[in-house]
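Novice: See work.pdb below, with PDB, C-alpha atoms.
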```
ATOM      1  CA  MET G   1       0.000   0.000   0.000
ATOM      2  CA  THR G   2       1.402   3.362  -1.036
ATOM      3  CA  PRO G   3      -0.062   6.846  -0.539
ATOM      4  CA  SER G   4      -0.625   7.377  -4.251
ATOM      5  CA  ARG G   5      -2.557   4.105  -4.578
ATOM      6  CA  LEU G   6      -4.665   5.080  -1.577
ATOM      7  CA  LEU G   7      -5.294   8.491  -3.142
ATOM      8  CA  VAL G   8      -6.371   6.967  -6.454
ATOM      9  CA  LEU G   9      -8.712   4.632  -4.553
ATOM     10  CA  SER G  10     -10.253   7.626  -2.791
ATOM     11  CA  PHE G  11     -10.643   9.427  -6.150
ATOM     12  CA  LEU G  12     -12.437   6.377  -7.506
ATOM     13  CA  LEU G  13     -14.794   6.317  -4.515
ATOM     14  CA  PHE G  14     -15.408  10.053  -4.932
ATOM     15  CA  SER G  15     -16.325   9.605  -8.597
ATOM     16  CA  ILE G  16     -18.666   6.712  -7.830
ATOM     17  CA  GLY G  17     -20.389   8.867  -5.229
ATOM     18  CA  PHE G  18     -20.600  11.705  -7.760
ATOM     19  CA  TYR G  19     -22.307   9.359 -10.195
ATOM     20  CA  GLY G  20     -24.797   8.479  -7.456
ATOM     21  CA  VAL G  21     -25.529  12.142  -6.726
ATOM     22  CA  LEU G  22     -26.252  12.740 -10.417
ATOM     23  CA  ALA G  23     -28.220   9.561 -11.089
ATOM     24  CA  ARG G  24     -30.210   8.842  -7.926
ATOM     25  CA  ARG G  25     -33.895   9.813  -7.966
ATOM     26  CA  HIS G  26     -34.578   9.311  -4.267
ATOM     27  CA  LEU G  27     -33.511  11.847  -1.642
ATOM     28  CA  VAL G  28     -32.060   9.191   0.657
ATOM     29  CA  GLY G  29     -30.158   7.627  -2.222
ATOM     30  CA  LEU G  30     -28.691  11.039  -2.932
ATOM     31  CA  LEU G  31     -27.665  11.449   0.710
ATOM     32  CA  LEU G  32     -26.036   8.008   0.748
ATOM     33  CA  SER G  33     -24.018   8.931  -2.347
ATOM     34  CA  LEU G  34     -22.976  12.175  -0.657
ATOM     35  CA  GLU G  35     -21.751  10.122   2.300
ATOM     36  CA  LEU G  36     -19.624   8.118  -0.076
ATOM     37  CA  MET G  37     -18.057  11.344  -1.378
ATOM     38  CA  PHE G  38     -17.386  12.633   2.150
ATOM     39  CA  ASN G  39     -15.786   9.337   3.087
ATOM     40  CA  ALA G  40     -13.569   9.517   0.017
ATOM     41  CA  GLY G  41     -12.516  13.028   1.042
ATOM     42  CA  ASN G  42     -11.561  11.793   4.507
ATOM     43  CA  LEU G  43      -9.603   8.927   3.019
ATOM     44  CA  ALA G  44      -7.738  11.346   0.738
ATOM     45  CA  ALA G  45      -6.878  13.597   3.712
ATOM     46  CA  VAL G  46      -5.525  10.603   5.625
ATOM     47  CA  ALA G  47      -3.519   9.404   2.633
ATOM     48  CA  ALA G  48      -1.958  12.851   2.210
ATOM     49  CA  ALA G  49      -1.226  13.119   5.946
ATOM     50  CA  TRP G  50       0.431   9.708   5.864
ATOM     51  CA  SER G  51       2.508  10.647   2.863
ATOM     52  CA  TYR G  52       3.745  13.958   4.311
ATOM     53  CA  GLY G  53       4.017  12.744   7.913
ATOM     54  CA  ARG G  54       1.657  15.382   9.326
ATOM     55  CA  ALA G  55      -0.584  14.544  12.274
ATOM     56  CA  SER G  56      -3.082  17.311  11.449
ATOM     57  CA  GLY G  57      -4.394  15.392   8.437
ATOM     58  CA  PHE G  58      -5.635  12.659  10.732
ATOM     59  CA  LEU G  59      -7.273  15.333  12.833
ATOM     60  CA  LEU G  60      -8.908  16.737   9.694
ATOM     61  CA  ALA G  61     -10.484  13.326   9.083
ATOM     62  CA  LEU G  62     -11.844  13.321  12.656
ATOM     63  CA  PHE G  63     -13.372  16.772  12.125
ATOM     64  CA  GLY G  64     -14.726  15.627   8.766
ATOM     65  CA  ILE G  65     -16.510  12.688  10.351
ATOM     66  CA  ALA G  66     -18.197  14.957  12.903
ATOM     67  CA  VAL G  67     -19.323  17.462  10.251
ATOM     68  CA  THR G  68     -20.679  14.627   8.131
ATOM     69  CA  VAL G  69     -22.777  13.277  10.970
ATOM     70  CA  ALA G  70     -24.323  16.743  11.442
ATOM     71  CA  GLU G  71     -25.009  16.927   7.705
ATOM     72  CA  VAL G  72     -26.729  13.529   7.709
ATOM     73  CA  ALA G  73     -28.963  14.500  10.626
ATOM     74  CA  LEU G  74     -30.072  17.697   8.862
ATOM     75  CA  GLY G  75     -30.457  16.022   5.475
ATOM     76  CA  LEU G  76     -32.640  13.266   6.852
ATOM     77  CA  ALA G  77     -34.771  15.798   8.735
ATOM     78  CA  LEU G  78     -35.304  17.681   5.462
ATOM     79  CA  PHE G  79     -36.131  14.384   3.744
ATOM     80  CA  LEU G  80     -38.761  13.619   6.383
ATOM     81  CA  LEU G  81     -40.190  17.127   5.986
ATOM     82  CA  ALA G  82     -40.398  16.763   2.197
ATOM     83  CA  ASP G  83     -41.970  13.338   2.595
ATOM     84  CA  ARG G  84     -44.572  14.597   5.045
ATOM     85  CA  VAL G  85     -45.463  18.041   3.690
ATOM     86  CA  ARG G  86     -44.859  17.805  -0.051
ATOM     87  CA  ARG G  87     -45.475  14.038  -0.273
ATOM     88  CA  THR G  88     -42.517  13.459  -2.509
ATOM     89  CA  THR G  89     -39.126  11.787  -2.204
ATOM     90  CA  THR G  90     -37.692  13.045  -5.491
ATOM     91  CA  PRO G  91     -35.538  16.167  -5.592
ATOM     92  CA  ASP G  92     -36.985  16.984  -9.042
ATOM     93  CA  ASP G  93     -40.375  17.651  -7.454
ATOM     94  CA  LEU G  94     -38.924  20.161  -4.979
ATOM     95  CA  SER G  95     -38.434  22.949  -7.513
ATOM     96  CA  LEU G  96     -40.937  25.419  -6.072
ATOM     97  CA  LEU G  97     -38.446  28.299  -6.110
ATOM     98  CA  ARG G  98     -37.776  27.868  -9.824
ATOM     99  CA  ARG G  99     -41.336  28.571 -10.909
TER     100      ARG G  99
ATOM    101  CA  MET O 100      -0.531  -3.658   5.289
ATOM    102  CA  SER O 101       0.511  -6.071   2.564
ATOM    103  CA  ASP O 102      -0.223  -5.569  -1.107
ATOM    104  CA  LEU O 103      -2.637  -8.488  -1.199
ATOM    105  CA  ALA O 104      -4.672  -7.084   1.692
ATOM    106  CA  PHE O 105      -4.720  -3.670   0.032
ATOM    107  CA  TRP O 106      -6.002  -4.989  -3.293
ATOM    108  CA  ALA O 107      -8.596  -7.241  -1.652
ATOM    109  CA  GLY O 108      -9.833  -4.338   0.468
ATOM    110  CA  ALA O 109      -9.852  -1.965  -2.505
ATOM    111  CA  VAL O 110     -11.879  -4.347  -4.690
ATOM    112  CA  LEU O 111     -14.391  -4.957  -1.878
ATOM    113  CA  LEU O 112     -14.610  -1.217  -1.180
ATOM    114  CA  VAL O 113     -15.318  -0.341  -4.816
ATOM    115  CA  ALA O 114     -17.901  -3.148  -5.019
ATOM    116  CA  CYS O 115     -19.659  -1.775  -1.925
ATOM    117  CA  ALA O 116     -19.556   1.753  -3.373
ATOM    118  CA  LEU O 117     -21.081   0.578  -6.646
ATOM    119  CA  ALA O 118     -23.815  -1.192  -4.687
ATOM    120  CA  VAL O 119     -24.536   2.072  -2.820
ATOM    121  CA  VAL O 120     -25.202   4.000  -6.022
ATOM    122  CA  THR O 121     -27.009   1.264  -7.988
ATOM    123  CA  ALA O 122     -28.997  -0.898  -5.535
ATOM    124  CA  ARG O 123     -32.763  -0.777  -6.103
ATOM    125  CA  SER O 124     -33.687  -1.131  -2.438
ATOM    126  CA  LEU O 125     -32.484   1.820  -0.377
ATOM    127  CA  TYR O 126     -32.086  -0.434   2.661
ATOM    128  CA  ARG O 127     -29.633  -2.481   0.659
ATOM    129  CA  ALA O 128     -27.827   0.706  -0.405
ATOM    130  CA  ALA O 129     -27.592   1.805   3.240
ATOM    131  CA  TYR O 130     -26.122  -1.540   4.293
ATOM    132  CA  ALA O 131     -23.662  -1.390   1.402
ATOM    133  CA  LEU O 132     -22.646   2.084   2.580
ATOM    134  CA  SER O 133     -21.995   0.746   6.071
ATOM    135  CA  GLY O 134     -19.868  -1.984   4.491
ATOM    136  CA  ALA O 135     -17.869   0.651   2.616
ATOM    137  CA  LEU O 136     -17.392   2.712   5.786
ATOM    138  CA  VAL O 137     -16.214  -0.324   7.779
ATOM    139  CA  LEU O 138     -13.766  -1.223   4.995
ATOM    140  CA  THR O 139     -12.431   2.332   5.109
ATOM    141  CA  ALA O 140     -11.981   1.887   8.846
ATOM    142  CA  ALA O 141      -9.993  -1.249   8.078
ATOM    143  CA  PHE O 142      -7.715   0.859   5.870
ATOM    144  CA  TYR O 143      -7.246   3.352   8.712
ATOM    145  CA  ALA O 144      -6.384   0.473  11.043
ATOM    146  CA  GLY O 145      -3.960  -0.883   8.464
ATOM    147  CA  LEU O 146      -2.220   2.488   8.454
ATOM    148  CA  GLY O 147      -1.802   2.130  12.222
ATOM    149  CA  SER O 148      -4.366   4.688  13.378
ATOM    150  CA  ALA O 149      -6.582   2.697  15.728
ATOM    151  CA  LEU O 150      -8.301   5.826  17.060
ATOM    152  CA  LEU O 151      -9.497   6.936  13.634
ATOM    153  CA  ALA O 152     -10.666   3.412  12.802
ATOM    154  CA  SER O 153     -12.716   3.091  15.973
ATOM    155  CA  VAL O 154     -14.249   6.561  15.572
ATOM    156  CA  GLN O 155     -15.130   5.677  11.991
ATOM    157  CA  VAL O 156     -16.906   2.480  13.036
ATOM    158  CA  LEU O 157     -18.617   3.770  16.177
ATOM    159  CA  LEU O 158     -19.671   7.266  15.196
ATOM    160  CA  TYR O 159     -19.804   7.270  11.425
ATOM    161  CA  THR O 160     -21.011   3.787  10.540
ATOM    162  CA  GLY O 161     -23.189   3.266  13.586
ATOM    163  CA  GLY O 162     -24.648   6.764  13.637
ATOM    164  CA  VAL O 163     -25.267   7.144   9.925
ATOM    165  CA  LEU O 164     -26.711   3.678   9.416
ATOM    166  CA  THR O 165     -29.078   4.057  12.388
ATOM    167  CA  LEU O 166     -30.288   7.474  11.221
ATOM    168  CA  VAL O 167     -30.832   6.385   7.616
ATOM    169  CA  VAL O 168     -32.688   3.199   8.506
ATOM    170  CA  TYR O 169     -34.897   5.060  10.992
ATOM    171  CA  ALA O 170     -35.714   7.732   8.400
ATOM    172  CA  LEU O 171     -36.599   5.068   5.828
ATOM    173  CA  VAL O 172     -38.793   3.211   8.317
ATOM    174  CA  VAL O 173     -40.844   6.256   9.355
ATOM    175  CA  SER O 174     -41.175   7.792   5.875
ATOM    176  CA  ARG O 175     -44.380   7.220   3.937
ATOM    177  CA  GLY O 176     -43.095   7.081   0.385
ATOM    178  CA  ALA O 177     -41.736   4.079  -1.460
ATOM    179  CA  ASN O 178     -38.248   3.017  -0.403
ATOM    180  CA  GLU O 179     -37.178   2.010  -3.894
ATOM    181  CA  GLY O 180     -34.419   3.920  -5.604
ATOM    182  CA  GLY O 181     -36.117   3.763  -8.996
ATOM    183  CA  PRO O 182     -34.288   3.774 -12.320
ATOM    184  CA  ALA O 183     -31.177   5.895 -12.646
ATOM    185  CA  ARG O 184     -31.571   9.349 -14.158
ATOM    186  CA  ARG O 185     -29.661   9.561 -17.476
ATOM    187  CA  PRO O 186     -27.072   6.952 -16.405
ATOM    188  CA  PHE O 187     -24.752   7.413 -19.387
ATOM    189  CA  ALA O 188     -24.454  11.160 -18.985
ATOM    190  CA  ALA O 189     -23.934  10.753 -15.224
ATOM    191  CA  ALA O 190     -21.351   7.993 -15.661
ATOM    192  CA  SER O 191     -19.350   9.921 -18.241
ATOM    193  CA  THR O 192     -19.361  13.042 -16.048
ATOM    194  CA  ALA O 193     -18.157  10.948 -13.105
ATOM    195  CA  ALA O 194     -15.435   9.410 -15.285
ATOM    196  CA  LEU O 195     -14.368  12.915 -16.290
ATOM    197  CA  VAL O 196     -14.157  13.926 -12.616
ATOM    198  CA  PHE O 197     -12.083  10.834 -11.877
ATOM    199  CA  GLY O 198      -9.707  11.613 -14.727
ATOM    200  CA  ALA O 199      -9.261  15.201 -13.573
ATOM    201  CA  LEU O 200      -8.572  14.063  -9.992
ATOM    202  CA  ALA O 201      -6.254  11.215 -10.975
ATOM    203  CA  SER O 202      -4.044  13.579 -12.958
ATOM    204  CA  PHE O 203      -3.287  15.302  -9.622
ATOM    205  CA  GLY O 204      -2.671  12.104  -7.680
ATOM    206  CA  ARG O 205       0.502  11.112  -9.495
ATOM    207  CA  SER O 206       2.881  13.526  -7.816
ATOM    208  CA  VAL O 207       2.516  12.361  -4.221
ATOM    209  CA  PRO O 208       5.686  11.465  -2.326
ATOM    210  CA  ALA O 209       6.079   8.004  -0.836
ATOM    211  CA  ALA O 210       4.980   7.405   2.733
ATOM    212  CA  SER O 211       6.972   9.361   5.301
ATOM    213  CA  PRO O 212       9.053   7.372   7.794
ATOM    214  CA  ALA O 213       7.147   8.989  10.675
ATOM    215  CA  PRO O 214       4.493   6.636  12.078
ATOM    216  CA  PRO O 215       0.891   7.893  12.158
ATOM    217  CA  PRO O 216      -0.020   9.739  15.366
ATOM    218  CA  GLY O 217      -1.360   7.742  18.300
ATOM    219  CA  GLY O 218      -4.328   8.629  20.466
ATOM    220  CA  ARG O 219      -2.211  10.620  22.909
ATOM    221  CA  GLU O 220      -0.641  12.775  20.230
ATOM    222  CA  LEU O 221      -3.986  13.424  18.519
ATOM    223  CA  GLY O 222      -5.616  14.270  21.848
ATOM    224  CA  LEU O 223      -2.904  16.773  22.735
ATOM    225  CA  LEU O 224      -3.196  18.359  19.303
ATOM    226  CA  LEU O 225      -6.986  18.490  19.584
ATOM    227  CA  PHE O 226      -7.094  20.158  22.994
ATOM    228  CA  GLN O 227      -4.151  22.533  22.619
ATOM    229  CA  ARG O 228      -3.529  23.709  19.103
ATOM    230  CA  TYR O 229      -6.960  23.028  17.641
ATOM    231  CA  LEU O 230      -9.058  23.825  20.701
ATOM    232  CA  VAL O 231     -11.054  26.654  19.077
ATOM    233  CA  PRO O 232     -12.074  24.615  15.981
ATOM    234  CA  PHE O 233     -13.012  21.779  18.315
ATOM    235  CA  GLU O 234     -15.322  24.007  20.341
ATOM    236  CA  LEU O 235     -16.782  25.540  17.184
ATOM    237  CA  LEU O 236     -17.471  22.035  15.949
ATOM    238  CA  SER O 237     -19.373  21.173  19.104
ATOM    239  CA  VAL O 238     -21.517  24.300  18.626
ATOM    240  CA  LEU O 239     -22.128  23.276  15.020
ATOM    241  CA  LEU O 240     -23.186  19.777  16.073
ATOM    242  CA  LEU O 241     -25.562  21.148  18.691
ATOM    243  CA  ALA O 242     -27.072  23.620  16.210
ATOM    244  CA  ALA O 243     -27.479  20.877  13.610
ATOM    245  CA  LEU O 244     -29.222  18.559  16.063
ATOM    246  CA  VAL O 245     -31.591  21.254  17.335
ATOM    247  CA  GLY O 246     -32.267  22.363  13.765
ATOM    248  CA  ALA O 247     -32.949  18.805  12.655
ATOM    249  CA  LEU O 248     -35.404  18.359  15.507
ATOM    250  CA  MET O 249     -37.167  21.624  14.638
ATOM    251  CA  VAL O 250     -37.385  20.804  10.931
ATOM    252  CA  ALA O 251     -38.639  17.261  11.422
ATOM    253  CA  ARG O 252     -41.135  18.281  14.087
ATOM    254  CA  LEU O 253     -43.162  20.678  11.897
ATOM    255  CA  GLU O 254     -46.357  19.098  10.657
ATOM    256  CA  ARG O 255     -47.030  21.776   8.042
ATOM    257  CA  ALA O 256     -44.865  24.303   6.333
ATOM    258  CA  PRO O 257     -45.459  27.766   7.857
TER     259      PRO O 257
END
```
For this file, produce the structure as structure tokens.
Specialist:
Amino acid sequence: MTPSRLLVLSFLLFSIGFYGVLARRHLVGLLLSLELMFNAGNLAAVAAAWSYGRASGFLLALFGIAVTVAEVALGLALFLLADRVRRTTTPDDLSLLRR
Amino acid sequence: MSDLAFWAGAVLLVACALAVVTARSLYRAAYALSGALVLTAAFYAGLGSALLASVQVLLYTGGVLTLVVYALVVSRGANEGGPARRPFAAASTAALVFGALASFGRSVPAASPAPPPGGRELGLLLFQRYLVPFELLSVLLLAALVGALMVARLERAP
């Protein structure tokens, strides 16, 4: 295992998550893909920290995990609100501001 | 971590990630995501950072999976992902993103001889040098939780 291989793996995960964000039609599916992208970002930070021998990169991953958990809580609350009030689970139907 | 373990973990991780973005059932996608997160934790452990690996499993995997499954259970709509939206356009855009990123990833130096920081070193760093970001983060988490409760509690939009 080398840092550059780990970085390329994290880029691959990021791109797969990006595909999910573009292609998913369900709000929760979109959130799960976003999680994948966040996780790839953390992995890239750790790989870079390992390669340069800096402890703060590992700390960045810890902070990233905490921010992600906050984002998931808010995203799921918004999903529940959309499900309950607008009766939809598709982001395409939530385009009220565009009209 | 040996080369064989790395490749096995990488193949499993990519398979889990593909399952997250393509599975029809969102429950299955959520479980695949937890598999991907646990495999990432295994990579962290392989690097020698046990603290990061345990935080990843406990907080990230446990917390996220629980929240997602609860939200799916209490929601009214169908829990099927449905067909992908313009899969070829999405896949080619994602491939473009990967190409752009991978062109950066070539110029990374080899691993430094310094071992990854242990729990003691990370803790000292967290509570001395990065104390203010840490406290800001706790405020952010509190605000997010209160906001999530407020948003999910409303029966009707005001």
Novice: Do you know which residues are at most 9 Å from range 8-17 of chain G counting only C-alpha atoms, after dropping those on the same chain fewer than 4 positions away, and could you put them as number ranges by chain?
Specialist: G: 3-4, 21-22, 30, 32-44, 47; O: 109, 112-113, 116-117, 119-120, 190, 192-198, 200-201, 204-205
Novice: Counting only C-alpha atoms, figure out which residue out of G:Arg98, G:Asp92, G:Gly64, G:Gly20 gets nearest to chain O.
Specialist: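 Of all the options, G:Gly20 lies closest to chain O.
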Novice: Calculate how many Å separate CA of Leu62 in chain G from CA of Ser237 in chain O, rounding to one decimal.
Specialist: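 Atom-to-atom, CA of Leu62 in chain G to CA of Ser237 in chain O, that is 12.6 Å.
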Novice: Would you mind listing what lies within 9 Å of Tyr143 in chain O as an mmCIF file with C-alpha atoms, in the coordinates of the input, with all atoms listed in the file counted and same-chain residues fewer than 5 positions away left out?
Specialist:
```cif
data_model
loop_
_atom_site.group_PDB
_atom_site.id
_atom_site.type_symbol
_atom_site.label_atom_id
_atom_site.label_comp_id
_atom_site.auth_asym_id
_atom_site.auth_seq_id
_atom_site.Cartn_x
_atom_site.Cartn_y
_atom_site.Cartn_z
ATOM 1 C CA LEU G 43 -9.603 8.927 3.019
ATOM 2 C CA VAL G 46 -5.525 10.603 5.625
ATOM 3 C CA LEU O 138 -13.766 -1.223 4.995
ATOM 4 C CA SER O 148 -4.366 4.688 13.378
ATOM 5 C CA ALA O 149 -6.582 2.697 15.728
ATOM 6 C CA LEU O 150 -8.301 5.826 17.060
ATOM 7 C CA LEU O 151 -9.497 6.936 13.634
ATOM 8 C CA ALA O 152 -10.666 3.412 12.802
ATOM 9 C CA GLN O 155 -15.130 5.677 11.991
#
```
Novice: Just checking: using all atoms listed in the file, which residue out of G:Ala73, G:Ile65, G:Leu59, G:Leu31 ends up closest to Leu125 in chain O?
Specialist: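 Nearest to Leu125 in chain O: G:Leu31.
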Novice: Between O:Gly134, O:Gly161, O:Gly181, O:Gly145, which one has atoms that come closest to Gly29 in chain G, using all atoms listed in the file?
Specialist: O:Gly181
Novice: Smallest atom-to-atom distance to Leu81 in chain G: which of O:Leu239, O:Val173, O:Arg185, O:Ala213, using all atoms listed in the file?
Specialist: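 Using all atoms listed in the file, Leu81 in chain G sits closest to O:Val173.
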Novice: So that I can check the surroundings of Ala210 in chain O, please list as a ChimeraX atom specification every protein, DNA and RNA residue that reaches within 7 Å of it, counting only C-alpha atoms and ignoring chain neighbours fewer than 5 positions away.
Specialist: /G:2-3,50-52
Novice: Apply the PyMOL selection byres ((chain O) within 6 of (chain G)) to the structure shown and report the selected residues as number ranges by chain.
Specialist: O: 102, 105, 120, 180, 183-184, 189-190, 193, 197, 207, 209-211, 213, 216, 240, 243, 247, 251, 255
Novice: Write the residues you've just listed into a file as a compact mmCIF listing (two decimals), keeping the file's coordinate frame, and include C-alpha atoms for each of them.
Specialist:
```txt
# COMPACT_ATOMS: atom_id res chain seq x y z
CA ASP O 102 -0.22 -5.57 -1.11
CA PHE O 105 -4.72 -3.67 0.03
CA VAL O 120 -25.20 4.00 -6.02
CA GLY O 180 -34.42 3.92 -5.60
CA ALA O 183 -31.18 5.90 -12.65
CA ARG O 184 -31.57 9.35 -14.16
CA ALA O 189 -23.93 10.75 -15.22
CA ALA O 190 -21.35 7.99 -15.66
CA ALA O 193 -18.16 10.95 -13.10
CA PHE O 197 -12.08 10.83 -11.88
CA VAL O 207 2.52 12.36 -4.22
CA ALA O 209 6.08 8.00 -0.84
CA ALA O 210 4.98 7.40 2.73
CA SER O 211 6.97 9.36 5.30
CA ALA O 213 7.15 8.99 10.68
CA PRO O 216 -0.02 9.74 15.37
CA LEU O 240 -23.19 19.78 16.07
CA ALA O 243 -27.48 20.88 13.61
CA ALA O 247 -32.95 18.80 12.66
CA ALA O 251 -38.64 17.26 11.42
CA ARG O 255 -47.03 21.78 8.04
```
Novice: Might I get the box with edges along x, y and z of the file that holds all atoms of range 177-186 of chain O listed there, padded by 5 Å on every side, given as centre and edge lengths in Å to one decimal, as JSON?
Specialist:
```
{"center_x": -34.4, "center_y": 5.8, "center_z": -8.9, "size_x": 24.7, "size_y": 17.6, "size_z": 27.1}
```
Novice: What is the CA of Leu171 in chain O-CA of Arg123 in chain O distance in Å, reported with one decimal?
Specialist: 13.8 Å
Novice: Can you work out the spacing between CA of Gly108 in chain O and CA of Ser124 in chain O in Å, to one decimal?
Specialist: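 Between these atoms lies a distance of 24.2 Å.
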Novice: Counting all atoms listed in the file, which residue out of O:Phe233, O:Leu244, O:Leu224, O:Pro215 sits closest to Leu146 in chain O?
Specialist: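 Result for the nearest residue to Leu146 in chain O: O:Pro215.
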